[in-house]
Amino acid sequence: MPNVNVFLTHRPQQVYVKAFSQQWALVGETAYDWLGCIGADLTGLTGVFPGMVEETQLEMLYEHILEEDFHDRCIRTARVAVGRAAGKDWWWALNLCKQILPGWSLINGIMLREGISSQHIGFADYLDAVYSLLWERSDKEGRMKLDVELSMMPAGVRVKQNSAARKRMLDDFAAD
Amino acid sequence: MTAEKYADIPGAYPYTIAGREMWFKPPSQGQIVLFERFRMQLVGIQRMNDEDEAIRATIGLIAKALNVIDSLFLDSGDRDYVEMLISQNKLEITEITPLLAGGRTVAVSDDDDVDPQPVKKTAGKANPSRAKR
């Protein structure tokens with residue numbers, strides 16, 4: 001089947017990222033994999049990159065380990081990976097993970113009772129499920145608060161915006 | 001005196017090797033995670049009971065560790081001194097591997113019932129730039 005499926009484009013089953021002028025395959029398949037690796041380092045996301053890099057590529061990545069900006073490039077790559085796996089802005093996905101992980105016993109318990117196991121479902125679908133759960137269980141004010149919290153970028157982070165996104169933002173602003 | 005010299009280097013810390021105090025920068029978290037991936041790879045190989053492969057992997061891991069540690073010295077004179085000690089078999093590699101964990105010695109064994117070794121950093125000489133914050 002040709003790759004015209006929008007879900008496969010925006011929520012790929014296998015996540016690839018490009019860094020150090022090369023493509024890297026990440027091994028996470030389930031929400032459990034992604035949440036666990038994100039939870040390993042919520043600030044730098046090093047559990048995602050280099051943490052999830054396919055084992056056969058580790059030697060190639062090692063060649064870059066002494067580069068001055070190795071860590072910063074890992075962080076940027078990990079962010080892209082999280083966004084790609086979630087099919088959302090990386091900071092939105094990360095903010096939701098930050099809500100999920102501290103309350104893991106409760107959220108995991110509720111999800112399991114709903115028949116959703118993080119070990120048997122993709123990351124993007126799991127985030128959708130948790131988001132809808134939190135949204136459903138909030139009142140109007142709570143929903144607004146949730147959306148604001150999830151949309152907030154971490155302090156000190158800037159995102160490069162392309163011209164189309166900038167125009168869309170201006171149009172939205174003008175429409176308000 | 002030396003502490004002020006490295007005040008601008010985030011996380012710089014003193015560590016004593018063979019009775020000589022030296023200053024190091026900590027490895028980045030990205031370096032630590034990548035190194036840990038190799039260590040886990042070695043653990044997996046060791047479980048397969050392939051002795052030759054395990055030896056090869058161990059040598060590879062030591063080379064990688066030394067390479068990273070080499071980049072953590074803040075004084076090239078200290079680096080040369082440690083290299084000399086190693087080449088003369090006067091220093092065990094295990095004495096410098098805590099540098100991969102920012103100077104902390106984590107555990108002497110994988111066994112859960114073993115107490116971790118005490119921190120071996122030089123006491124009372126933390127980086128003044130960090131102390132001020």
# chains A, B, ... in the order shown; residues from 1 in each chain; ligands from 1
$ interface_residues --of "chain B" --to "chain A" --cutoff "12 Å" --atoms "only C-alpha atoms" --output "number ranges by chain"
B: 27-42, 44, 57, 60-61, 63-72
$ residues_around --residues "A:Ile107" --least-positions-apart "6" --cutoff "9 Å" --atoms "only C-alpha atoms" --output "ChimeraX atom specification"
/A:100-101,130
$ select_by_dssp --residues "chain A" --states "alpha helix (DSSP H)" --output "tab-separated table (two decimals) with N, CA, C and O atoms, in the first residue's frame"
chain	number	residue	atom	x	y	z
A	6	VAL	N	-2.36	9.29	6.18
A	6	VAL	CA	-1.90	10.45	6.94
A	6	VAL	C	-1.43	10.06	8.35
A	6	VAL	O	-0.53	10.66	8.92
A	7	PHE	N	-2.03	9.00	8.90
A	7	PHE	CA	-1.60	8.55	10.22
A	7	PHE	C	-0.17	8.01	10.17
A	7	PHE	O	0.63	8.23	11.09
A	8	LEU	N	0.13	7.29	9.09
A	8	LEU	CA	1.48	6.73	8.98
A	8	LEU	C	2.52	7.83	8.79
A	8	LEU	O	3.67	7.70	9.20
A	9	THR	N	2.07	8.92	8.16
A	9	THR	CA	3.00	10.04	7.95
A	9	THR	C	3.23	10.80	9.26
A	9	THR	O	4.36	11.13	9.61
A	10	HIS	N	2.14	11.06	9.96
A	10	HIS	CA	2.25	11.89	11.17
A	10	HIS	C	2.44	11.10	12.46
A	10	HIS	O	2.80	11.65	13.48
A	31	ALA	N	3.66	2.54	24.02
A	31	ALA	CA	3.62	3.70	24.92
A	31	ALA	C	4.51	3.44	26.13
A	31	ALA	O	5.17	4.35	26.64
A	32	TYR	N	4.54	2.19	26.55
A	32	TYR	CA	5.36	1.81	27.71
A	32	TYR	C	6.84	2.11	27.43
A	32	TYR	O	7.54	2.66	28.29
A	33	ASP	N	7.31	1.77	26.23
A	33	ASP	CA	8.71	2.06	25.85
A	33	ASP	C	8.97	3.56	25.90
A	33	ASP	O	9.96	4.02	26.47
A	34	TRP	N	8.09	4.30	25.27
A	34	TRP	CA	8.32	5.74	25.15
A	34	TRP	C	8.23	6.45	26.50
A	34	TRP	O	9.10	7.26	26.84
A	35	LEU	N	7.19	6.12	27.24
A	35	LEU	CA	7.03	6.78	28.55
A	35	LEU	C	8.21	6.45	29.46
A	35	LEU	O	8.72	7.31	30.18
A	36	GLY	N	8.64	5.20	29.43
A	36	GLY	CA	9.77	4.79	30.27
A	36	GLY	C	11.04	5.53	29.91
A	36	GLY	O	11.79	5.98	30.80
A	37	CYS	N	11.28	5.67	28.62
A	37	CYS	CA	12.52	6.34	28.19
A	37	CYS	C	12.44	7.86	28.40
A	37	CYS	O	13.44	8.49	28.74
A	38	ILE	N	11.26	8.41	28.20
A	38	ILE	CA	11.10	9.85	28.46
A	38	ILE	C	11.27	10.11	29.96
A	38	ILE	O	11.94	11.05	30.39
A	39	GLY	N	10.69	9.23	30.76
A	39	GLY	CA	10.75	9.38	32.22
A	39	GLY	C	12.16	9.27	32.78
A	39	GLY	O	12.44	9.75	33.87
A	40	ALA	N	13.06	8.64	32.02
A	40	ALA	CA	14.44	8.49	32.49
A	40	ALA	C	15.14	9.84	32.61
A	40	ALA	O	16.07	10.00	33.42
A	58	LEU	N	24.77	2.01	17.54
A	58	LEU	CA	25.45	2.65	18.67
A	58	LEU	C	26.90	3.01	18.37
A	58	LEU	O	27.38	4.07	18.77
A	59	GLU	N	27.58	2.12	17.68
A	59	GLU	CA	29.00	2.40	17.36
A	59	GLU	C	29.12	3.65	16.50
A	59	GLU	O	30.04	4.45	16.68
A	60	MET	N	28.19	3.81	15.57
A	60	MET	CA	28.22	5.00	14.71
A	60	MET	C	27.98	6.27	15.52
A	60	MET	O	28.61	7.29	15.30
A	61	LEU	N	27.06	6.16	16.48
A	61	LEU	CA	26.78	7.33	17.32
A	61	LEU	C	27.97	7.65	18.22
A	61	LEU	O	28.27	8.82	18.49
A	62	TYR	N	28.66	6.60	18.64
A	62	TYR	CA	29.82	6.79	19.52
A	62	TYR	C	30.89	7.67	18.85
A	62	TYR	O	31.61	8.40	19.52
A	70	PHE	N	27.67	17.60	21.44
A	70	PHE	CA	27.01	16.28	21.41
A	70	PHE	C	25.72	16.28	22.23
A	70	PHE	O	24.66	15.87	21.76
A	71	HIS	N	25.81	16.77	23.46
A	71	HIS	CA	24.65	16.72	24.35
A	71	HIS	C	23.50	17.59	23.83
A	71	HIS	O	22.35	17.16	23.81
A	72	ASP	N	23.83	18.80	23.39
A	72	ASP	CA	22.77	19.69	22.89
A	72	ASP	C	22.09	19.10	21.66
A	72	ASP	O	20.87	19.20	21.49
A	73	ARG	N	22.89	18.48	20.81
A	73	ARG	CA	22.29	17.88	19.60
A	73	ARG	C	21.42	16.69	19.97
A	73	ARG	O	20.41	16.42	19.33
A	74	CYS	N	21.84	15.96	20.99
A	74	CYS	CA	21.03	14.83	21.47
A	74	CYS	C	19.68	15.34	21.97
A	74	CYS	O	18.63	14.76	21.67
A	75	ILE	N	19.71	16.43	22.72
A	75	ILE	CA	18.46	16.98	23.27
A	75	ILE	C	17.52	17.40	22.13
A	75	ILE	O	16.34	17.04	22.12
A	76	ARG	N	18.08	18.13	21.16
A	76	ARG	CA	17.24	18.61	20.05
A	76	ARG	C	16.66	17.42	19.27
A	76	ARG	O	15.50	17.42	18.88
A	77	THR	N	17.48	16.42	19.05
A	77	THR	CA	17.03	15.24	18.31
A	77	THR	C	15.94	14.50	19.08
A	77	THR	O	14.95	14.05	18.50
A	78	ALA	N	16.14	14.37	20.37
A	78	ALA	CA	15.16	13.67	21.20
A	78	ALA	C	13.81	14.38	21.17
A	78	ALA	O	12.75	13.75	21.12
A	79	ARG	N	13.85	15.70	21.17
A	79	ARG	CA	12.60	16.45	21.13
A	79	ARG	C	11.85	16.17	19.83
A	79	ARG	O	10.64	15.96	19.82
A	80	VAL	N	12.59	16.19	18.73
A	80	VAL	CA	11.97	15.89	17.43
A	80	VAL	C	11.38	14.48	17.45
A	80	VAL	O	10.26	14.24	17.00
A	81	ALA	N	12.12	13.56	18.04
A	81	ALA	CA	11.66	12.16	18.10
A	81	ALA	C	10.36	12.04	18.88
A	81	ALA	O	9.43	11.35	18.46
A	82	VAL	N	10.29	12.73	20.01
A	82	VAL	CA	9.08	12.68	20.84
A	82	VAL	C	7.88	13.24	20.06
A	82	VAL	O	6.80	12.65	20.03
A	83	GLY	N	8.10	14.36	19.39
A	83	GLY	CA	7.04	14.96	18.58
A	83	GLY	C	6.59	14.03	17.46
A	83	GLY	O	5.40	13.88	17.19
A	84	ARG	N	7.56	13.40	16.84
A	84	ARG	CA	7.27	12.49	15.72
A	84	ARG	C	6.49	11.27	16.21
A	84	ARG	O	5.55	10.83	15.57
A	85	ALA	N	6.89	10.74	17.33
A	85	ALA	CA	6.22	9.53	17.86
A	85	ALA	C	4.81	9.86	18.34
A	85	ALA	O	3.90	9.03	18.23
A	86	ALA	N	4.65	11.07	18.87
A	86	ALA	CA	3.36	11.46	19.44
A	86	ALA	C	2.41	12.01	18.37
A	86	ALA	O	1.20	12.05	18.58
A	90	TRP	N	6.30	18.42	20.28
A	90	TRP	CA	7.03	17.66	21.29
A	90	TRP	C	6.75	18.15	22.70
A	90	TRP	O	6.68	17.37	23.65
A	91	TRP	N	6.59	19.47	22.84
A	91	TRP	CA	6.39	20.00	24.20
A	91	TRP	C	4.99	19.62	24.71
A	91	TRP	O	4.81	19.39	25.90
A	92	TRP	N	4.02	19.52	23.81
A	92	TRP	CA	2.67	19.10	24.21
A	92	TRP	C	2.75	17.66	24.74
A	92	TRP	O	2.23	17.34	25.81
A	93	ALA	N	3.41	16.81	23.97
A	93	ALA	CA	3.55	15.40	24.38
A	93	ALA	C	4.34	15.29	25.68
A	93	ALA	O	3.98	14.53	26.58
A	94	LEU	N	5.41	16.08	25.77
A	94	LEU	CA	6.24	16.02	26.98
A	94	LEU	C	5.45	16.50	28.21
A	94	LEU	O	5.52	15.90	29.28
A	95	ASN	N	4.69	17.58	28.03
A	95	ASN	CA	3.88	18.09	29.15
A	95	ASN	C	2.86	17.04	29.61
A	95	ASN	O	2.62	16.89	30.80
A	96	LEU	N	2.28	16.32	28.64
A	96	LEU	CA	1.31	15.29	29.02
A	96	LEU	C	2.03	14.15	29.75
A	96	LEU	O	1.51	13.62	30.74
A	97	CYS	N	3.21	13.80	29.26
A	97	CYS	CA	3.99	12.76	29.96
A	97	CYS	C	4.30	13.19	31.39
A	97	CYS	O	4.28	12.38	32.31
A	98	LYS	N	4.57	14.49	31.57
A	98	LYS	CA	4.88	14.99	32.91
A	98	LYS	C	3.66	14.93	33.82
A	98	LYS	O	3.77	14.98	35.03
A	99	GLN	N	2.47	14.89	33.23
A	99	GLN	CA	1.27	14.72	34.04
A	99	GLN	C	1.03	13.24	34.31
A	99	GLN	O	0.53	12.86	35.36
A	100	ILE	N	1.38	12.42	33.32
A	100	ILE	CA	1.11	10.97	33.45
A	100	ILE	C	2.06	10.31	34.44
A	100	ILE	O	1.64	9.56	35.32
A	104	TRP	N	1.44	7.76	37.84
A	104	TRP	CA	1.41	6.54	37.04
A	104	TRP	C	0.49	5.47	37.62
A	104	TRP	O	-0.31	4.87	36.88
A	105	SER	N	0.57	5.22	38.90
A	105	SER	CA	-0.24	4.15	39.48
A	105	SER	C	-1.72	4.40	39.24
A	105	SER	O	-2.46	3.48	38.87
A	106	LEU	N	-2.14	5.63	39.42
A	106	LEU	CA	-3.54	5.95	39.26
A	106	LEU	C	-3.95	5.92	37.78
A	106	LEU	O	-4.92	5.25	37.40
A	107	ILE	N	-3.19	6.64	36.95
A	107	ILE	CA	-3.56	6.72	35.53
A	107	ILE	C	-3.44	5.34	34.87
A	107	ILE	O	-4.34	4.91	34.14
A	108	ASN	N	-2.35	4.65	35.14
A	108	ASN	CA	-2.19	3.31	34.57
A	108	ASN	C	-3.32	2.39	35.03
A	108	ASN	O	-3.87	1.62	34.24
A	109	GLY	N	-3.68	2.53	36.29
A	109	GLY	CA	-4.76	1.70	36.83
A	109	GLY	C	-6.08	1.97	36.13
A	109	GLY	O	-6.80	1.05	35.73
A	110	ILE	N	-6.39	3.25	35.96
A	110	ILE	CA	-7.66	3.62	35.29
A	110	ILE	C	-7.64	3.11	33.84
A	110	ILE	O	-8.61	2.52	33.36
A	111	MET	N	-6.50	3.34	33.18
A	111	MET	CA	-6.41	2.91	31.77
A	111	MET	C	-6.53	1.39	31.65
A	111	MET	O	-7.18	0.90	30.73
A	112	LEU	N	-5.94	0.68	32.58
A	112	LEU	CA	-6.03	-0.78	32.53
A	112	LEU	C	-7.47	-1.23	32.73
A	112	LEU	O	-7.94	-2.14	32.04
A	113	ARG	N	-8.17	-0.54	33.64
A	113	ARG	CA	-9.57	-0.91	33.84
A	113	ARG	C	-10.42	-0.56	32.62
A	113	ARG	O	-11.46	-1.14	32.39
A	123	PHE	N	2.42	4.92	21.30
A	123	PHE	CA	2.58	6.12	22.13
A	123	PHE	C	1.52	7.17	21.82
A	123	PHE	O	0.87	7.71	22.71
A	124	ALA	N	1.33	7.44	20.53
A	124	ALA	CA	0.39	8.50	20.12
A	124	ALA	C	-1.03	8.15	20.56
A	124	ALA	O	-1.75	9.01	21.10
A	125	ASP	N	-1.42	6.90	20.36
A	125	ASP	CA	-2.78	6.50	20.76
A	125	ASP	C	-2.96	6.57	22.27
A	125	ASP	O	-4.02	6.95	22.77
A	126	TYR	N	-1.91	6.21	22.98
A	126	TYR	CA	-2.00	6.24	24.45
A	126	TYR	C	-2.17	7.68	24.94
A	126	TYR	O	-2.98	7.95	25.82
A	127	LEU	N	-1.39	8.58	24.33
A	127	LEU	CA	-1.52	9.99	24.73
A	127	LEU	C	-2.93	10.49	24.43
A	127	LEU	O	-3.52	11.22	25.23
A	128	ASP	N	-3.47	10.09	23.28
A	128	ASP	CA	-4.85	10.48	22.96
A	128	ASP	C	-5.82	9.98	24.03
A	128	ASP	O	-6.71	10.71	24.47
A	129	ALA	N	-5.62	8.73	24.40
A	129	ALA	CA	-6.52	8.11	25.38
A	129	ALA	C	-6.44	8.83	26.73
A	129	ALA	O	-7.47	9.12	27.34
A	130	VAL	N	-5.22	9.11	27.16
A	130	VAL	CA	-5.07	9.79	28.47
A	130	VAL	C	-5.60	11.22	28.39
A	130	VAL	O	-6.30	11.68	29.30
A	131	TYR	N	-5.29	11.88	27.29
A	131	TYR	CA	-5.77	13.26	27.13
A	131	TYR	C	-7.30	13.30	27.19
A	131	TYR	O	-7.90	14.12	27.88
A	132	SER	N	-7.94	12.38	26.46
A	132	SER	CA	-9.40	12.38	26.44
A	132	SER	C	-9.95	12.05	27.83
A	132	SER	O	-10.97	12.58	28.24
A	133	LEU	N	-9.25	11.20	28.55
A	133	LEU	CA	-9.67	10.85	29.91
A	133	LEU	C	-9.63	12.09	30.82
A	133	LEU	O	-10.58	12.40	31.53
A	134	LEU	N	-8.49	12.79	30.77
A	134	LEU	CA	-8.33	13.98	31.60
A	134	LEU	C	-9.34	15.06	31.21
A	134	LEU	O	-9.92	15.74	32.06
A	135	TRP	N	-9.56	15.19	29.91
A	135	TRP	CA	-10.48	16.21	29.38
A	135	TRP	C	-11.90	15.91	29.81
A	135	TRP	O	-12.63	16.77	30.29
A	136	GLU	N	-12.27	14.63	29.66
A	136	GLU	CA	-13.62	14.18	29.98
A	136	GLU	C	-13.94	14.37	31.46
A	136	GLU	O	-15.07	14.69	31.83
A	140	LYS	N	-15.37	22.83	32.61
A	140	LYS	CA	-14.94	23.76	31.55
A	140	LYS	C	-13.61	24.44	31.90
A	140	LYS	O	-12.70	24.52	31.08
A	141	GLU	N	-13.56	24.88	33.15
A	141	GLU	CA	-12.35	25.58	33.59
A	141	GLU	C	-11.15	24.63	33.60
A	141	GLU	O	-10.05	24.99	33.18
A	142	GLY	N	-11.39	23.43	34.08
A	142	GLY	CA	-10.34	22.42	34.13
A	142	GLY	C	-9.81	22.06	32.75
A	142	GLY	O	-8.61	21.85	32.56
A	143	ARG	N	-10.71	22.02	31.77
A	143	ARG	CA	-10.29	21.72	30.40
A	143	ARG	C	-9.41	22.82	29.84
A	143	ARG	O	-8.42	22.56	29.16
A	144	MET	N	-9.82	24.06	30.14
A	144	MET	CA	-9.01	25.18	29.66
A	144	MET	C	-7.61	25.14	30.29
A	144	MET	O	-6.60	25.32	29.62
A	145	LYS	N	-7.61	24.86	31.58
A	145	LYS	CA	-6.34	24.79	32.32
A	145	LYS	C	-5.46	23.68	31.75
A	145	LYS	O	-4.27	23.86	31.54
A	146	LEU	N	-6.09	22.55	31.48
A	146	LEU	CA	-5.34	21.43	30.92
A	146	LEU	C	-4.71	21.81	29.59
A	146	LEU	O	-3.52	21.58	29.35
A	147	ASP	N	-5.50	22.42	28.71
A	147	ASP	CA	-4.98	22.77	27.39
A	147	ASP	C	-3.87	23.82	27.48
A	147	ASP	O	-2.90	23.77	26.72
A	148	VAL	N	-4.04	24.76	28.41
A	148	VAL	CA	-2.98	25.77	28.58
A	148	VAL	C	-1.71	25.11	29.08
A	148	VAL	O	-0.61	25.35	28.56
A	149	GLU	N	-1.84	24.22	30.06
A	149	GLU	CA	-0.66	23.54	30.62
A	149	GLU	C	0.06	22.70	29.56
A	149	GLU	O	1.28	22.67	29.50
A	150	LEU	N	-0.72	22.03	28.73
A	150	LEU	CA	-0.10	21.16	27.73
A	150	LEU	C	0.56	21.96	26.61
A	150	LEU	O	1.50	21.48	25.97
A	151	SER	N	0.06	23.16	26.38
A	151	SER	CA	0.61	23.96	25.27
A	151	SER	C	1.83	24.77	25.67
A	151	SER	O	2.47	25.38	24.80
A	163	SER	N	7.26	29.89	7.76
A	163	SER	CA	6.42	31.04	7.39
A	163	SER	C	4.94	30.66	7.38
A	163	SER	O	4.09	31.46	7.74
A	164	ALA	N	4.63	29.42	6.99
A	164	ALA	CA	3.22	28.99	6.93
A	164	ALA	C	2.62	28.99	8.34
A	164	ALA	O	1.49	29.47	8.54
A	165	ALA	N	3.42	28.49	9.31
A	165	ALA	CA	2.92	28.44	10.69
A	165	ALA	C	2.75	29.84	11.24
A	165	ALA	O	1.78	30.13	11.96
A	166	ARG	N	3.70	30.73	10.87
A	166	ARG	CA	3.62	32.11	11.35
A	166	ARG	C	2.36	32.80	10.79
A	166	ARG	O	1.64	33.49	11.49
A	167	LYS	N	2.09	32.54	9.48
A	167	LYS	CA	0.92	33.15	8.84
A	167	LYS	C	-0.36	32.61	9.49
A	167	LYS	O	-1.29	33.37	9.76
A	168	ARG	N	-0.37	31.31	9.77
A	168	ARG	CA	-1.54	30.69	10.38
A	168	ARG	C	-1.80	31.32	11.76
A	168	ARG	O	-2.92	31.63	12.11
A	169	MET	N	-0.72	31.56	12.49
A	169	MET	CA	-0.84	32.13	13.81
A	169	MET	C	-1.41	33.56	13.72
A	169	MET	O	-2.29	33.94	14.48
A	170	LEU	N	-0.90	34.32	12.74
A	170	LEU	CA	-1.37	35.70	12.57
A	170	LEU	C	-2.84	35.71	12.16
A	170	LEU	O	-3.63	36.54	12.61
A	171	ASP	N	-3.21	34.76	11.28
A	171	ASP	CA	-4.61	34.67	10.84
A	171	ASP	C	-5.51	34.35	12.03
A	171	ASP	O	-6.59	34.93	12.17
A	172	ASP	N	-5.03	33.41	12.87
A	172	ASP	CA	-5.81	33.04	14.06
A	172	ASP	C	-6.00	34.24	14.96
A	172	ASP	O	-7.08	34.48	15.51
A	173	PHE	N	-4.91	35.00	15.10
A	173	PHE	CA	-4.94	36.16	15.97
A	173	PHE	C	-5.93	37.20	15.42
A	173	PHE	O	-6.74	37.77	16.16
A	174	ALA	N	-5.86	37.39	14.08
A	174	ALA	CA	-6.75	38.38	13.46
A	174	ALA	C	-8.22	37.95	13.58
A	174	ALA	O	-9.11	38.78	13.69
A	175	ALA	N	-8.43	36.65	13.56
A	175	ALA	CA	-9.82	36.15	13.63
A	175	ALA	C	-10.43	36.29	15.00
A	175	ALA	O	-11.65	36.31	15.15
$ atom_distance --atom1 "atom CA of B:Ala7" --atom2 "atom CA of B:Leu85"
27.7 Å
